[in-house]
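File shown: entry_38.tsv (TSV, C-alpha atoms).
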chain	number	residue	atom	x	y	z
A	618	MET	CA	92.46	87.11	111.04
A	619	LYS	CA	89.57	84.88	112.08
A	620	LEU	CA	88.48	82.56	109.30
A	621	GLN	CA	84.82	83.01	108.39
A	622	GLU	CA	82.64	80.48	106.57
A	623	GLU	CA	83.34	82.21	103.26
A	624	HIS	CA	87.08	81.82	103.82
A	625	LYS	CA	86.88	78.16	104.78
A	626	GLU	CA	84.63	77.27	101.86
A	627	PHE	CA	87.06	79.07	99.54
A	628	VAL	CA	89.89	76.82	100.76
A	629	VAL	CA	87.81	73.63	100.65
A	630	ARG	CA	86.77	74.30	97.04
A	631	HIS	CA	90.37	74.88	95.98
A	632	PHE	CA	91.52	71.69	97.68
A	633	ALA	CA	88.71	69.83	95.92
A	634	CYS	CA	90.07	71.12	92.60
A	635	PHE	CA	93.50	69.60	93.35
A	636	THR	CA	95.09	73.02	93.98
A	637	LYS	CA	98.39	72.93	95.88
A	638	LEU	CA	98.36	74.38	99.38
A	639	THR	CA	100.94	77.05	98.52
A	640	ASP	CA	98.82	78.16	95.55
A	641	ILE	CA	95.70	78.25	97.71
A	642	VAL	CA	97.46	80.55	100.18
A	643	GLU	CA	98.52	82.90	97.36
A	644	ALA	CA	95.01	82.95	95.88
A	645	PHE	CA	93.52	83.58	99.33
A	646	ILE	CA	95.86	86.53	100.01
A	647	GLU	CA	95.01	88.05	96.65
A	648	LYS	CA	91.23	87.67	97.08
A	649	PHE	CA	90.95	88.68	100.74
A	650	GLU	CA	93.83	91.16	100.92
A	651	ASP	CA	91.63	93.87	102.42
A	652	GLU	CA	90.58	91.56	105.27
A	653	LEU	CA	94.08	90.54	106.30
A	654	LEU	CA	95.86	92.35	109.11
A	655	PRO	CA	98.08	95.09	107.64
A	656	PRO	CA	101.80	95.05	108.42
A	657	ASP	CA	102.75	96.81	111.64
A	658	LEU	CA	105.16	99.33	110.14
A	659	PRO	CA	106.77	102.17	112.11
A	660	SER	CA	105.38	105.58	111.20
A	661	TYR	CA	108.44	106.64	109.19
A	662	LEU	CA	107.98	103.63	106.86
A	663	LYS	CA	104.23	103.94	106.28
A	664	GLU	CA	104.56	106.81	103.82
A	665	ILE	CA	108.05	107.41	102.50
A	666	PRO	CA	108.36	110.77	100.72
A	667	THR	CA	109.67	110.87	97.17
A	668	LEU	CA	113.34	111.52	96.62
A	669	ASP	CA	112.61	114.97	95.16
A	670	ASP	CA	110.45	115.92	98.14
A	671	MET	CA	113.12	114.71	100.53
A	672	ILE	CA	115.81	116.76	98.77
A	673	ALA	CA	113.58	119.86	98.68
A	674	GLU	CA	112.87	119.54	102.41
A	675	GLU	CA	116.55	119.09	103.28
A	676	LEU	CA	117.54	122.14	101.23
A	677	ALA	CA	114.74	124.20	102.77
A	678	ASN	CA	115.89	123.24	106.26
A	679	ALA	CA	119.55	123.81	105.46
A	680	ASP	CA	119.54	127.33	106.94
A	681	LEU	CA	117.80	126.35	110.17
A	682	PRO	CA	120.00	126.38	113.30
A	683	ASP	CA	121.34	123.20	114.81
A	684	ALA	CA	119.11	122.46	117.80
A	685	ASP	CA	121.89	120.47	119.50
A	686	TYR	CA	124.34	123.37	119.43
A	687	ALA	CA	124.52	125.11	122.80
A	688	GLY	CA	126.53	128.19	121.77
A	689	GLU	CA	125.27	131.72	121.37
A	690	GLU	CA	125.47	131.50	117.60
A	691	GLU	CA	123.85	128.38	116.29
A	692	PRO	CA	125.58	127.16	113.12
A	693	ASN	CA	124.01	124.53	110.89
A	694	PHE	CA	125.15	121.79	108.54
A	695	LYS	CA	125.22	124.17	105.57
A	696	SER	CA	127.41	126.62	107.45
A	697	TYR	CA	129.77	123.87	108.59
A	698	PHE	CA	130.06	122.42	105.10
A	699	ILE	CA	130.67	125.72	103.28
A	700	ALA	CA	133.14	126.91	105.91
A	701	ASP	CA	135.17	123.72	105.54
A	702	PHE	CA	135.03	123.96	101.73
A	703	LEU	CA	136.22	127.59	101.74
A	704	LYS	CA	139.02	126.76	104.13
A	705	GLU	CA	140.24	123.86	102.01
A	706	TYR	CA	140.22	125.61	98.61
A	707	GLN	CA	140.78	129.30	99.51
A	708	GLU	CA	144.43	129.48	98.51
A	709	GLU	CA	143.98	127.38	95.36
A	710	TYR	CA	141.13	129.58	94.08
A	711	GLN	CA	142.96	132.78	95.05
A	712	GLU	CA	145.93	131.81	92.91
A	713	ARG	CA	143.75	130.70	90.01
A	714	TYR	CA	141.08	133.43	89.90
A	715	GLY	CA	142.57	136.40	91.74
A	716	ASN	CA	139.93	139.04	92.59
A	717	LYS	CA	137.09	136.78	91.47
A	718	ALA	CA	138.21	133.97	93.76
A	719	ASP	CA	135.71	134.64	96.56
A	720	GLU	CA	132.72	134.85	94.20
A	721	ILE	CA	133.62	131.68	92.30
A	722	LEU	CA	134.56	129.84	95.46
A	723	ASN	CA	131.21	130.62	97.10
A	724	GLU	CA	129.34	129.42	94.00
A	725	GLU	CA	131.33	126.17	93.95
A	726	ALA	CA	130.84	125.69	97.69
A	727	LEU	CA	127.08	126.03	97.30
A	728	LYS	CA	127.05	123.55	94.40
A	729	GLU	CA	129.08	121.06	96.39
A	730	PHE	CA	126.75	121.50	99.36
A	731	GLU	CA	123.66	120.81	97.23
A	732	TYR	CA	125.38	117.78	95.68
A	733	GLU	CA	126.17	116.43	99.15
A	734	VAL	CA	122.55	116.95	100.25
A	735	ARG	CA	121.31	115.05	97.19
A	736	ARG	CA	123.79	112.24	97.80
A	737	GLN	CA	122.77	111.86	101.43
A	738	CYS	CA	119.06	112.00	100.55
A	739	PHE	CA	119.51	109.36	97.86
A	740	ASN	CA	121.21	106.99	100.31
A	741	LYS	CA	118.62	107.68	103.01
A	742	HIS	CA	115.72	107.21	100.58
A	743	LYS	CA	117.20	103.95	99.30
A	744	ALA	CA	117.72	102.67	102.85
A	745	LEU	CA	114.12	103.52	103.80
A	746	ARG	CA	112.73	101.75	100.74
A	747	THR	CA	114.86	98.69	101.41
A	748	GLU	CA	113.78	98.60	105.05
A	749	ARG	CA	110.12	98.95	104.08
A	750	GLU	CA	110.30	96.25	101.41
A	751	THR	CA	112.06	93.90	103.83
A	752	SER	CA	109.38	94.53	106.47
A	753	LEU	CA	106.59	93.85	103.93
A	754	ILE	CA	108.27	90.65	102.74
A	755	ASN	CA	108.70	89.40	106.31
A	756	HIS	CA	105.09	90.28	107.09
A	757	LYS	CA	103.85	88.37	104.04
A	758	LYS	CA	105.95	85.36	105.02
A	759	GLU	CA	104.37	85.38	108.47
A	760	VAL	CA	100.88	85.62	106.95
A	761	GLN	CA	101.65	82.77	104.54
A	762	LYS	CA	103.01	80.59	107.33
A	763	ASN	CA	99.97	81.27	109.50
A	764	LEU	CA	97.48	80.53	106.72
A	765	PHE	CA	99.47	77.52	105.56
A	766	ASN	CA	99.16	75.88	108.99
A	767	ARG	CA	95.46	76.73	109.37
A	768	PHE	CA	94.45	75.58	105.89
A	769	ARG	CA	95.91	72.08	106.23
A	770	ARG	CA	92.92	70.78	108.16
A	771	LEU	CA	90.51	71.89	105.43
A	772	HIS	CA	91.61	69.06	103.14
A	773	ILE	CA	89.31	66.05	103.23
A	774	ASP	CA	92.22	63.68	103.96
A	775	HIS	CA	93.23	65.56	107.10
A	776	PRO	CA	92.13	63.85	110.33
A	777	GLN	CA	90.68	67.15	111.63
A	778	PHE	CA	88.72	67.94	108.46
A	779	PRO	CA	85.33	69.44	109.51
A	780	ASN	CA	82.61	67.01	108.55
A	781	LYS	CA	80.21	69.83	107.61
A	782	TYR	CA	82.35	70.61	104.55
A	783	ARG	CA	82.46	67.01	103.30
A	784	ALA	CA	79.47	67.40	100.96
A	785	LEU	CA	80.91	70.65	99.56
A	786	PHE	CA	84.27	69.02	98.95
A	787	ILE	CA	82.81	65.97	97.19
A	788	GLN	CA	80.40	68.01	95.06
A	789	THR	CA	83.14	70.45	94.01
A	790	ARG	CA	85.52	67.62	93.11
A	791	ASP	CA	82.85	65.84	91.07
A	792	GLU	CA	82.11	69.05	89.17
A	793	HIS	CA	85.80	69.72	88.62
A	794	CYS	CA	86.49	66.22	87.33
A	795	ALA	CA	83.44	66.35	85.08
A	796	ASN	CA	85.02	69.23	83.17
A	797	TYR	CA	87.95	67.00	82.25
A	798	ARG	CA	86.01	63.80	81.67
A	799	THR	CA	84.97	62.60	78.22
A	800	GLN	CA	81.35	61.63	78.52
A	801	ASP	CA	81.47	58.59	76.24
A	802	LEU	CA	84.80	56.82	75.91
A	803	SER	CA	83.04	53.82	74.42
A	804	SER	CA	82.87	55.92	71.27
A	805	SER	CA	85.85	55.10	69.06
A	806	GLU	CA	86.09	58.69	67.80
A	807	ASN	CA	86.12	60.12	71.34
A	808	LEU	CA	88.79	57.68	72.48
A	809	THR	CA	90.94	58.36	69.42
A	810	ARG	CA	90.65	62.11	69.98
A	811	GLU	CA	91.67	61.79	73.64
A	812	LEU	CA	94.68	59.65	72.75
A	813	GLU	CA	95.73	62.10	70.06
A	814	ILE	CA	95.48	64.99	72.52
A	815	LEU	CA	97.67	63.13	75.01
A	816	TYR	CA	100.21	62.27	72.32
A	817	GLY	CA	100.30	65.86	71.06
A	818	TYR	CA	100.86	67.12	74.60
A	819	GLN	CA	103.74	64.69	75.17
A	820	LYS	CA	105.33	65.57	71.84
A	821	HIS	CA	105.11	69.25	72.73
A	822	LEU	CA	106.87	68.58	76.05
A	823	ILE	CA	109.61	66.55	74.35
A	824	PHE	CA	110.73	69.54	72.32
A	825	GLN	CA	110.78	71.72	75.44
A	826	MET	CA	112.98	69.38	77.48
A	827	THR	CA	116.71	70.00	77.91
A	828	ASN	CA	117.36	67.30	80.51
A	829	PRO	CA	118.06	63.96	78.73
A	830	LYS	CA	116.39	61.89	81.47
A	831	GLU	CA	113.23	63.99	81.37
A	832	THR	CA	113.28	63.86	77.57
A	833	MET	CA	113.44	60.05	77.54
A	834	LYS	CA	110.62	59.88	80.09
A	835	HIS	CA	108.29	61.85	77.82
A	836	MET	CA	109.47	59.95	74.74
A	837	SER	CA	108.60	56.69	76.47
A	838	LEU	CA	105.12	57.98	77.35
A	839	ALA	CA	104.59	59.21	73.80
A	840	HIS	CA	105.70	55.80	72.52
A	841	GLN	CA	103.18	54.06	74.76
A	842	ILE	CA	100.39	56.36	73.56
A	843	LEU	CA	101.30	55.68	69.93
A	844	LYS	CA	101.21	51.92	70.56
A	845	THR	CA	97.82	52.30	72.22
A	846	LEU	CA	96.57	54.27	69.23
A	847	VAL	CA	97.81	51.57	66.83
A	848	ALA	CA	96.14	48.85	68.89
A	849	HIS	CA	92.92	50.83	69.15
A	850	ASN	CA	92.83	51.48	65.42
A	851	ALA	CA	93.45	47.80	64.74
A	852	VAL	CA	90.59	46.81	67.01
A	853	ASN	CA	88.30	49.46	65.56
A	854	SER	CA	88.99	48.42	61.97
A	855	SER	CA	88.28	44.76	62.68
A	856	GLN	CA	85.56	45.49	65.29
A	857	GLU	CA	87.17	43.02	67.70
A	858	VAL	CA	87.28	44.19	71.30
A	859	VAL	CA	88.36	41.02	73.06
A	860	ASP	CA	91.86	40.52	71.64
A	861	ILE	CA	93.64	43.73	70.77
A	862	THR	CA	96.83	41.99	69.55
A	863	PRO	CA	97.13	42.03	65.74
A	864	GLN	CA	96.93	38.52	64.30
A	865	ASN	CA	99.36	39.32	61.54
A	866	THR	CA	102.78	39.26	63.18
A	867	LYS	CA	104.39	40.80	60.14
A	868	ALA	CA	101.98	43.74	60.40
A	869	LEU	CA	102.92	44.12	64.05
A	870	ALA	CA	106.61	44.12	63.16
A	871	ASP	CA	106.03	46.70	60.43
A	872	THR	CA	104.09	48.86	62.85
A	873	GLN	CA	106.87	48.60	65.40
A	874	ASN	CA	109.42	49.60	62.76
A	875	VAL	CA	107.34	52.66	61.90
A	876	LEU	CA	107.17	53.63	65.57
A	877	ASN	CA	110.91	53.19	65.94
A	878	GLU	CA	111.54	55.34	62.89
A	879	GLN	CA	109.31	58.06	64.33
A	880	LEU	CA	111.13	57.94	67.66
A	881	ASN	CA	114.53	58.03	65.93
A	882	GLU	CA	113.39	61.06	63.96
A	883	ILE	CA	112.30	62.80	67.16
A	884	ALA	CA	115.61	61.90	68.84
A	885	GLN	CA	117.56	63.38	65.93
A	886	GLN	CA	115.49	66.55	66.07
A	887	LEU	CA	116.13	66.81	69.80
A	888	GLU	CA	119.89	66.39	69.31
A	889	GLN	CA	119.85	69.17	66.71
A	890	LEU	CA	117.80	71.37	69.05
A	891	ASN	CA	120.12	70.73	71.99
A	892	GLY	CA	123.12	71.43	69.76
A	893	THR	CA	121.59	74.74	68.75
A	894	LEU	CA	120.92	75.68	72.38
A	895	THR	CA	124.48	74.72	73.36
A	896	ASP	CA	126.00	76.82	70.58
Mind turning the file's structure into C-alpha coordinates?
Amino acid sequence: MKLQEEHKEFVVRHFACFTKLTDIVEAFIEKFEDELLPPDLPSYLKEIPTLDDMIAEELANADLPDADYAGEEEPNFKSYFIADFLKEYQEEYQERYGNKADEILNEEALKEFEYEVRRQCFNKHKALRTERETSLINHKKEVQKNLFNRFRRLHIDHPQFPNKYRALFIQTRDEHCANYRTQDLSSSENLTRELEILYGYQKHLIFQMTNPKETMKHMSLAHQILKTLVAHNAVNSSQEVVDITPQNTKALADTQNVLNEQLNEIAQQLEQLNGTLTD
(Lines of atoms letter the chains of each structure in order from A and count residues from 1; the text may use other names and numbers.)
(Lines give C-alpha, C1' and ligand atoms only; values in the text may rest on other atoms or scores of the structure.)
Protein backbone atom coordinates (compact mmCIF):
# COMPACT_ATOMS: atom_id res chain seq x y z
CA MET A 1 0.00 0.00 0.00
CA LYS A 2 1.04 3.60 -0.55
CA LEU A 3 1.45 5.48 2.70
CA GLN A 4 -0.78 8.55 2.89
CA GLU A 5 -0.28 11.54 5.19
CA GLU A 6 -2.68 10.03 7.72
CA HIS A 7 -0.60 6.86 7.84
CA LYS A 8 2.72 8.67 8.24
CA GLU A 9 1.41 10.97 10.96
CA PHE A 10 0.05 7.91 12.79
CA VAL A 11 3.54 6.38 12.83
CA VAL A 12 5.28 9.63 13.80
CA ARG A 13 2.93 10.14 16.76
CA HIS A 14 3.53 6.61 18.00
CA PHE A 15 7.30 7.02 17.73
CA ALA A 16 7.01 10.29 19.65
CA CYS A 17 5.24 8.38 22.44
CA PHE A 18 8.20 5.98 22.74
CA THR A 19 6.27 3.09 21.15
CA LYS A 20 8.43 0.23 19.87
CA LEU A 21 8.55 -0.23 16.11
CA THR A 22 7.09 -3.75 16.30
CA ASP A 23 4.16 -2.44 18.36
CA ILE A 24 3.61 0.41 15.91
CA VAL A 25 3.38 -2.07 13.05
CA GLU A 26 0.80 -4.15 14.95
CA ALA A 27 -1.26 -1.07 15.84
CA PHE A 28 -1.09 0.13 12.22
CA ILE A 29 -2.29 -3.23 10.85
CA GLU A 30 -5.18 -3.25 13.30
CA LYS A 31 -6.27 0.33 12.54
CA PHE A 32 -5.83 0.28 8.75
CA GLU A 33 -6.62 -3.38 8.09
CA ASP A 34 -9.21 -2.52 5.43
CA GLU A 35 -6.65 -0.46 3.49
CA LEU A 36 -3.96 -3.12 3.36
CA LEU A 37 -3.66 -5.41 0.36
CA PRO A 38 -5.56 -8.65 1.03
CA PRO A 39 -3.69 -11.95 0.82
CA ASP A 40 -3.53 -13.45 -2.66
CA LEU A 41 -5.18 -16.77 -1.85
CA PRO A 42 -6.12 -19.37 -4.47
CA SER A 43 -9.87 -19.64 -5.03
CA TYR A 44 -10.24 -22.93 -3.14
CA LEU A 45 -8.82 -21.30 0.02
CA LYS A 46 -10.84 -18.08 -0.05
CA GLU A 47 -14.03 -19.71 1.24
CA ILE A 48 -13.57 -23.17 2.71
CA PRO A 49 -16.90 -24.97 3.20
CA THR A 50 -17.79 -26.33 6.62
CA LEU A 51 -17.01 -29.94 7.38
CA ASP A 52 -20.72 -30.83 7.41
CA ASP A 53 -21.27 -29.18 4.02
CA MET A 54 -18.27 -30.97 2.60
CA ILE A 55 -19.51 -34.35 3.85
CA ALA A 56 -23.03 -33.69 2.53
CA GLU A 57 -21.64 -32.77 -0.90
CA GLU A 58 -19.42 -35.85 -1.06
CA LEU A 59 -22.31 -38.15 -0.12
CA ALA A 60 -24.59 -36.46 -2.65
CA ASN A 61 -21.99 -36.95 -5.38
CA ALA A 62 -21.25 -40.52 -4.36
CA ASP A 63 -23.61 -41.98 -6.98
CA LEU A 64 -22.29 -39.86 -9.85
CA PRO A 65 -20.22 -41.74 -12.47
CA ASP A 66 -16.46 -41.51 -12.54
CA ALA A 67 -15.63 -39.07 -15.34
CA ASP A 68 -12.20 -40.65 -15.83
CA TYR A 69 -13.60 -44.11 -16.47
CA ALA A 70 -13.69 -44.90 -20.19
CA GLY A 71 -15.79 -48.08 -20.07
CA GLU A 72 -19.38 -48.50 -21.13
CA GLU A 73 -20.56 -48.72 -17.53
CA GLU A 74 -19.14 -45.96 -15.43
CA PRO A 75 -18.62 -47.11 -11.83
CA ASN A 76 -17.94 -44.64 -9.04
CA PHE A 77 -16.09 -44.57 -5.73
CA LYS A 78 -19.16 -45.78 -3.83
CA SER A 79 -19.56 -48.74 -6.15
CA TYR A 80 -15.88 -49.63 -5.91
CA PHE A 81 -15.88 -49.39 -2.12
CA ILE A 82 -19.05 -51.44 -1.55
CA ALA A 83 -18.02 -54.08 -4.07
CA ASP A 84 -14.68 -54.54 -2.32
CA PHE A 85 -16.38 -54.66 1.10
CA LEU A 86 -18.88 -57.30 -0.04
CA LYS A 87 -16.13 -59.38 -1.59
CA GLU A 88 -14.03 -59.30 1.56
CA TYR A 89 -16.78 -60.17 4.09
CA GLN A 90 -19.26 -62.24 2.01
CA GLU A 91 -18.26 -65.64 3.36
CA GLU A 92 -17.92 -64.44 6.96
CA TYR A 93 -21.40 -62.88 6.98
CA GLN A 94 -22.92 -65.88 5.18
CA GLU A 95 -21.69 -68.22 7.90
CA ARG A 96 -22.78 -65.88 10.69
CA TYR A 97 -26.19 -64.67 9.46
CA GLY A 98 -27.33 -67.22 6.89
CA ASN A 99 -30.29 -65.96 4.81
CA LYS A 100 -30.03 -62.47 6.28
CA ALA A 101 -26.36 -62.17 5.31
CA ASP A 102 -26.89 -60.10 2.15
CA GLU A 103 -29.20 -57.59 3.86
CA ILE A 104 -26.92 -57.10 6.87
CA LEU A 105 -23.81 -57.03 4.73
CA ASN A 106 -25.22 -54.29 2.49
CA GLU A 107 -26.18 -52.20 5.54
CA GLU A 108 -22.69 -52.58 7.01
CA ALA A 109 -21.08 -51.80 3.66
CA LEU A 110 -23.06 -48.57 3.40
CA LYS A 111 -22.13 -47.57 6.96
CA GLU A 112 -18.47 -48.25 6.28
CA PHE A 113 -18.67 -46.23 3.07
CA GLU A 114 -20.19 -43.23 4.87
CA TYR A 115 -17.56 -43.52 7.61
CA GLU A 116 -14.80 -43.52 5.00
CA VAL A 117 -16.31 -40.44 3.31
CA ARG A 118 -16.41 -38.62 6.65
CA ARG A 119 -12.83 -39.61 7.43
CA GLN A 120 -11.56 -38.39 4.07
CA CYS A 121 -13.55 -35.15 4.34
CA PHE A 122 -12.19 -34.51 7.83
CA ASN A 123 -8.60 -34.92 6.64
CA LYS A 124 -9.23 -32.78 3.55
CA HIS A 125 -10.95 -30.06 5.58
CA LYS A 126 -8.14 -30.02 8.13
CA ALA A 127 -5.51 -29.80 5.37
CA LEU A 128 -7.34 -26.90 3.71
CA ARG A 129 -7.62 -24.99 6.99
CA THR A 130 -3.95 -25.56 7.74
CA GLU A 131 -2.94 -24.40 4.27
CA ARG A 132 -5.12 -21.30 4.55
CA GLU A 133 -3.82 -20.39 8.00
CA THR A 134 -0.23 -20.87 6.85
CA SER A 135 -0.86 -18.62 3.83
CA LEU A 136 -2.42 -15.92 6.04
CA ILE A 137 0.47 -16.09 8.51
CA ASN A 138 3.04 -15.80 5.71
CA HIS A 139 1.11 -12.90 4.20
CA LYS A 140 1.02 -11.07 7.53
CA LYS A 141 4.76 -11.62 7.98
CA GLU A 142 5.39 -10.07 4.58
CA VAL A 143 3.17 -7.10 5.43
CA GLN A 144 4.93 -6.65 8.77
CA LYS A 145 8.36 -6.81 7.16
CA ASN A 146 7.36 -4.29 4.50
CA LEU A 147 5.89 -1.84 7.01
CA PHE A 148 8.76 -2.37 9.42
CA ASN A 149 11.29 -1.25 6.80
CA ARG A 150 9.19 1.73 5.65
CA PHE A 151 8.41 3.00 9.14
CA ARG A 152 12.04 3.22 10.27
CA ARG A 153 12.61 6.55 8.56
CA LEU A 154 9.66 8.13 10.37
CA HIS A 155 11.58 8.29 13.64
CA ILE A 156 13.15 11.67 14.32
CA ASP A 157 16.60 10.10 14.88
CA HIS A 158 16.65 8.49 11.44
CA PRO A 159 18.83 10.35 8.92
CA GLN A 160 15.99 10.28 6.34
CA PHE A 161 13.33 11.57 8.73
CA PRO A 162 11.09 14.02 6.78
CA ASN A 163 11.60 17.49 8.17
CA LYS A 164 7.92 18.38 7.71
CA TYR A 165 7.00 16.01 10.55
CA ARG A 166 9.55 17.42 13.00
CA ALA A 167 7.10 19.85 14.62
CA LEU A 168 4.47 17.09 14.95
CA PHE A 169 6.98 14.76 16.55
CA ILE A 170 8.23 17.33 19.07
CA GLN A 171 4.74 18.52 19.99
CA THR A 172 3.46 14.97 20.45
CA ARG A 173 6.44 14.02 22.61
CA ASP A 174 6.04 17.11 24.78
CA GLU A 175 2.35 16.31 25.28
CA HIS A 176 3.12 12.68 26.05
CA CYS A 177 5.81 13.53 28.59
CA ALA A 178 3.58 16.13 30.21
CA ASN A 179 1.13 13.39 31.16
CA TYR A 180 3.84 11.68 33.19
CA ARG A 181 5.46 14.79 34.62
CA THR A 182 4.72 16.11 38.09
CA GLN A 183 4.14 19.81 37.68
CA ASP A 184 5.83 20.93 40.90
CA LEU A 185 8.56 18.69 42.27
CA SER A 186 9.74 21.52 44.49
CA SER A 187 6.74 20.64 46.64
CA SER A 188 7.81 18.23 49.36
CA GLU A 189 4.47 16.41 49.27
CA ASN A 190 4.64 15.90 45.50
CA LEU A 191 8.19 14.60 45.67
CA THR A 192 7.36 12.24 48.54
CA ARG A 193 4.35 10.91 46.64
CA GLU A 194 6.43 10.27 43.51
CA LEU A 195 9.11 8.45 45.50
CA GLU A 196 6.49 6.34 47.25
CA ILE A 197 4.93 5.41 43.91
CA LEU A 198 8.32 4.33 42.57
CA TYR A 199 9.07 2.31 45.70
CA GLY A 200 5.66 0.63 45.59
CA TYR A 201 6.19 -0.28 41.95
CA GLN A 202 9.61 -1.80 42.67
CA LYS A 203 8.28 -3.74 45.64
CA HIS A 204 5.48 -5.11 43.47
CA LEU A 205 8.02 -6.27 40.88
CA ILE A 206 10.20 -7.92 43.54
CA PHE A 207 7.42 -10.31 44.50
CA GLN A 208 6.82 -11.18 40.85
CA MET A 209 10.43 -12.07 40.08
CA THR A 210 11.63 -15.68 39.96
CA ASN A 211 15.12 -15.00 38.61
CA PRO A 212 17.50 -14.25 41.54
CA LYS A 213 19.56 -11.74 39.53
CA GLU A 214 16.47 -9.81 38.44
CA THR A 215 15.16 -9.94 42.02
CA MET A 216 18.37 -8.43 43.43
CA LYS A 217 18.31 -5.72 40.76
CA HIS A 218 14.85 -4.57 41.84
CA MET A 219 15.74 -4.92 45.52
CA SER A 220 18.74 -2.66 44.97
CA LEU A 221 16.56 -0.05 43.24
CA ALA A 222 13.97 -0.25 46.00
CA HIS A 223 16.77 0.18 48.56
CA GLN A 224 18.02 3.30 46.78
CA ILE A 225 14.50 4.76 46.69
CA LEU A 226 14.07 4.10 50.41
CA LYS A 227 17.37 5.84 51.16
CA THR A 228 16.29 8.79 49.03
CA LEU A 229 13.00 8.95 50.93
CA VAL A 230 14.85 8.91 54.28
CA ALA A 231 17.18 11.67 53.12
CA HIS A 232 14.30 13.72 51.74
CA ASN A 233 12.32 13.38 54.95
CA ALA A 234 15.37 14.39 56.98
CA VAL A 235 15.86 17.48 54.85
CA ASN A 236 12.16 18.34 54.94
CA SER A 237 11.95 18.03 58.72
CA SER A 238 14.95 20.29 59.28
CA GLN A 239 14.22 22.51 56.24
CA GLU A 240 17.84 22.23 55.12
CA VAL A 241 18.27 21.76 51.38
CA VAL A 242 22.02 22.23 51.03
CA ASP A 243 23.34 19.24 52.98
CA ILE A 244 21.09 16.21 52.88
CA THR A 245 23.39 14.05 55.06
CA PRO A 246 22.03 13.61 58.61
CA GLN A 247 24.31 15.27 61.16
CA ASN A 248 23.61 12.62 63.75
CA THR A 249 25.71 9.63 62.71
CA LYS A 250 23.94 7.40 65.19
CA ALA A 251 20.60 8.30 63.58
CA LEU A 252 22.07 7.43 60.19
CA ALA A 253 23.26 4.08 61.51
CA ASP A 254 19.85 3.38 63.03
CA THR A 255 18.18 4.28 59.77
CA GLN A 256 20.51 1.98 57.86
CA ASN A 257 19.74 -0.84 60.29
CA VAL A 258 16.02 -0.33 59.71
CA LEU A 259 16.54 -0.46 55.95
CA ASN A 260 18.60 -3.62 56.26
CA GLU A 261 15.92 -5.24 58.40
CA GLN A 262 13.29 -4.35 55.80
CA LEU A 263 15.41 -5.82 53.01
CA ASN A 264 16.09 -8.98 55.02
CA GLU A 265 12.36 -9.34 55.61
CA ILE A 266 11.68 -8.99 51.89
CA ALA A 267 14.43 -11.52 51.10
CA GLN A 268 12.91 -14.03 53.52
CA GLN A 269 9.49 -13.53 51.98
CA LEU A 270 10.96 -14.08 48.52
CA GLU A 271 12.67 -17.30 49.63
CA GLN A 272 9.38 -18.57 51.03
CA LEU A 273 7.59 -17.59 47.80
CA ASN A 274 10.20 -19.29 45.63
CA GLY A 275 10.02 -22.38 47.84
CA THR A 276 6.25 -22.47 47.38
CA LEU A 277 6.58 -22.14 43.61
CA THR A 278 9.22 -24.89 43.52
CA ASP A 279 7.06 -27.28 45.54
Name the residues in contact with region 710-712 of chain A at a cut-off of 12 Å, using only C-alpha atoms, excluding same-chain residues fewer than 3 positions from it; report them as a PDB file with C-alpha atoms, in the coordinates of the input.
ATOM      1  CA  PHE A 702     135.030 123.960 101.730  1.00  0.00           C
ATOM      2  CA  LEU A 703     136.220 127.590 101.740  1.00  0.00           C
ATOM      3  CA  LYS A 704     139.020 126.760 104.130  1.00  0.00           C
ATOM      4  CA  GLU A 705     140.240 123.860 102.010  1.00  0.00           C
ATOM      5  CA  TYR A 706     140.220 125.610  98.610  1.00  0.00           C
ATOM      6  CA  GLN A 707     140.780 129.300  99.510  1.00  0.00           C
ATOM      7  CA  GLY A 715     142.570 136.400  91.740  1.00  0.00           C
ATOM      8  CA  ASN A 716     139.930 139.040  92.590  1.00  0.00           C
ATOM      9  CA  LYS A 717     137.090 136.780  91.470  1.00  0.00           C
ATOM     10  CA  ALA A 718     138.210 133.970  93.760  1.00  0.00           C
ATOM     11  CA  ASP A 719     135.710 134.640  96.560  1.00  0.00           C
ATOM     12  CA  GLU A 720     132.720 134.850  94.200  1.00  0.00           C
ATOM     13  CA  ILE A 721     133.620 131.680  92.300  1.00  0.00           C
ATOM     14  CA  LEU A 722     134.560 129.840  95.460  1.00  0.00           C
ATOM     15  CA  ASN A 723     131.210 130.620  97.100  1.00  0.00           C
ATOM     16  CA  GLU A 724     129.340 129.420  94.000  1.00  0.00           C
ATOM     17  CA  GLU A 725     131.330 126.170  93.950  1.00  0.00           C
ATOM     18  CA  ALA A 726     130.840 125.690  97.690  1.00  0.00           C
TER      19      ALA A 726
END
Inset, instruction - Pick out the closest residue to Lys663 (chain A) from this set: A:Gln819, A:Thr845, A:Asn807, A:Ser752. Count all atoms listed in the file. - result: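 The shortest atom-to-atom distance to Lys663 (chain A) comes from A:Ser752.
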Legend entry - Gap from CA of Gln737 (chain A) to CA of His756 (chain A) - Å, one decimal: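 Result for CA of Gln737 (chain A) versus CA of His756 (chain A): 28.5 Å, one decimal.
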Inset, instruction - Between A:Asp651, A:His849, A:Arg713, A:Arg735, single out the one closest to Ser803 (chain A), counting only C-alpha atoms. - result: A:His849
What are the centre and the three edge lengths of an axis-aligned box that wraps all atoms of region 775-780 of chain A in the file, given that 5 Å is added to every side, written as lines of an AutoDock Vina configuration file and rounded to one decimal in Å?
center_x = 87.9
center_y = 66.6
center_z = 109.4
size_x = 20.6
size_y = 15.6
size_z = 14.5
Inset, instruction - Just give me the gap between CA of Lys695 (chain A) and CA of Phe730 (chain A) in Å, one decimal is fine. - result: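 Spanning CA of Lys695 (chain A) to CA of Phe730 (chain A) is a straight-line distance of 6.9 Å.
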Inset, instruction - Go through A:Pro656, A:Ala848, A:Pro829, A:Phe627 and flag the residue nearest Ile754 (chain A), using all atoms listed in the file for the distances. - result: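 That would be A:Pro656, the residue with the smallest distance to Ile754 (chain A).
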Inset, instruction - Could you tell me which of A:Glu652, A:Glu664, A:Tyr697, A:Ala644 comes closest to Lys619 (chain A) if we count only C-alpha atoms? - result: A:Glu652
Inset, instruction - Would you please work out which residue, of A:Phe649, A:Tyr714, A:Phe786, A:Phe698, is nearest to His772 (chain A) when using only C-alpha atoms? - result: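 Smallest distance to His772 (chain A) is found for A:Phe786.
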Legend entry - Using all atoms listed in the file: which of A:Asp657, A:Glu811, A:Lys757, A:Arg790 has the shortest distance to Thr636 (chain A): A:Arg790
Inset, instruction - For CA of Ser660 (chain A) and CA of Glu675 (chain A), quote the distance in Å rounded to one decimal. - result: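 Distance between the two atoms: 19.2 Å.
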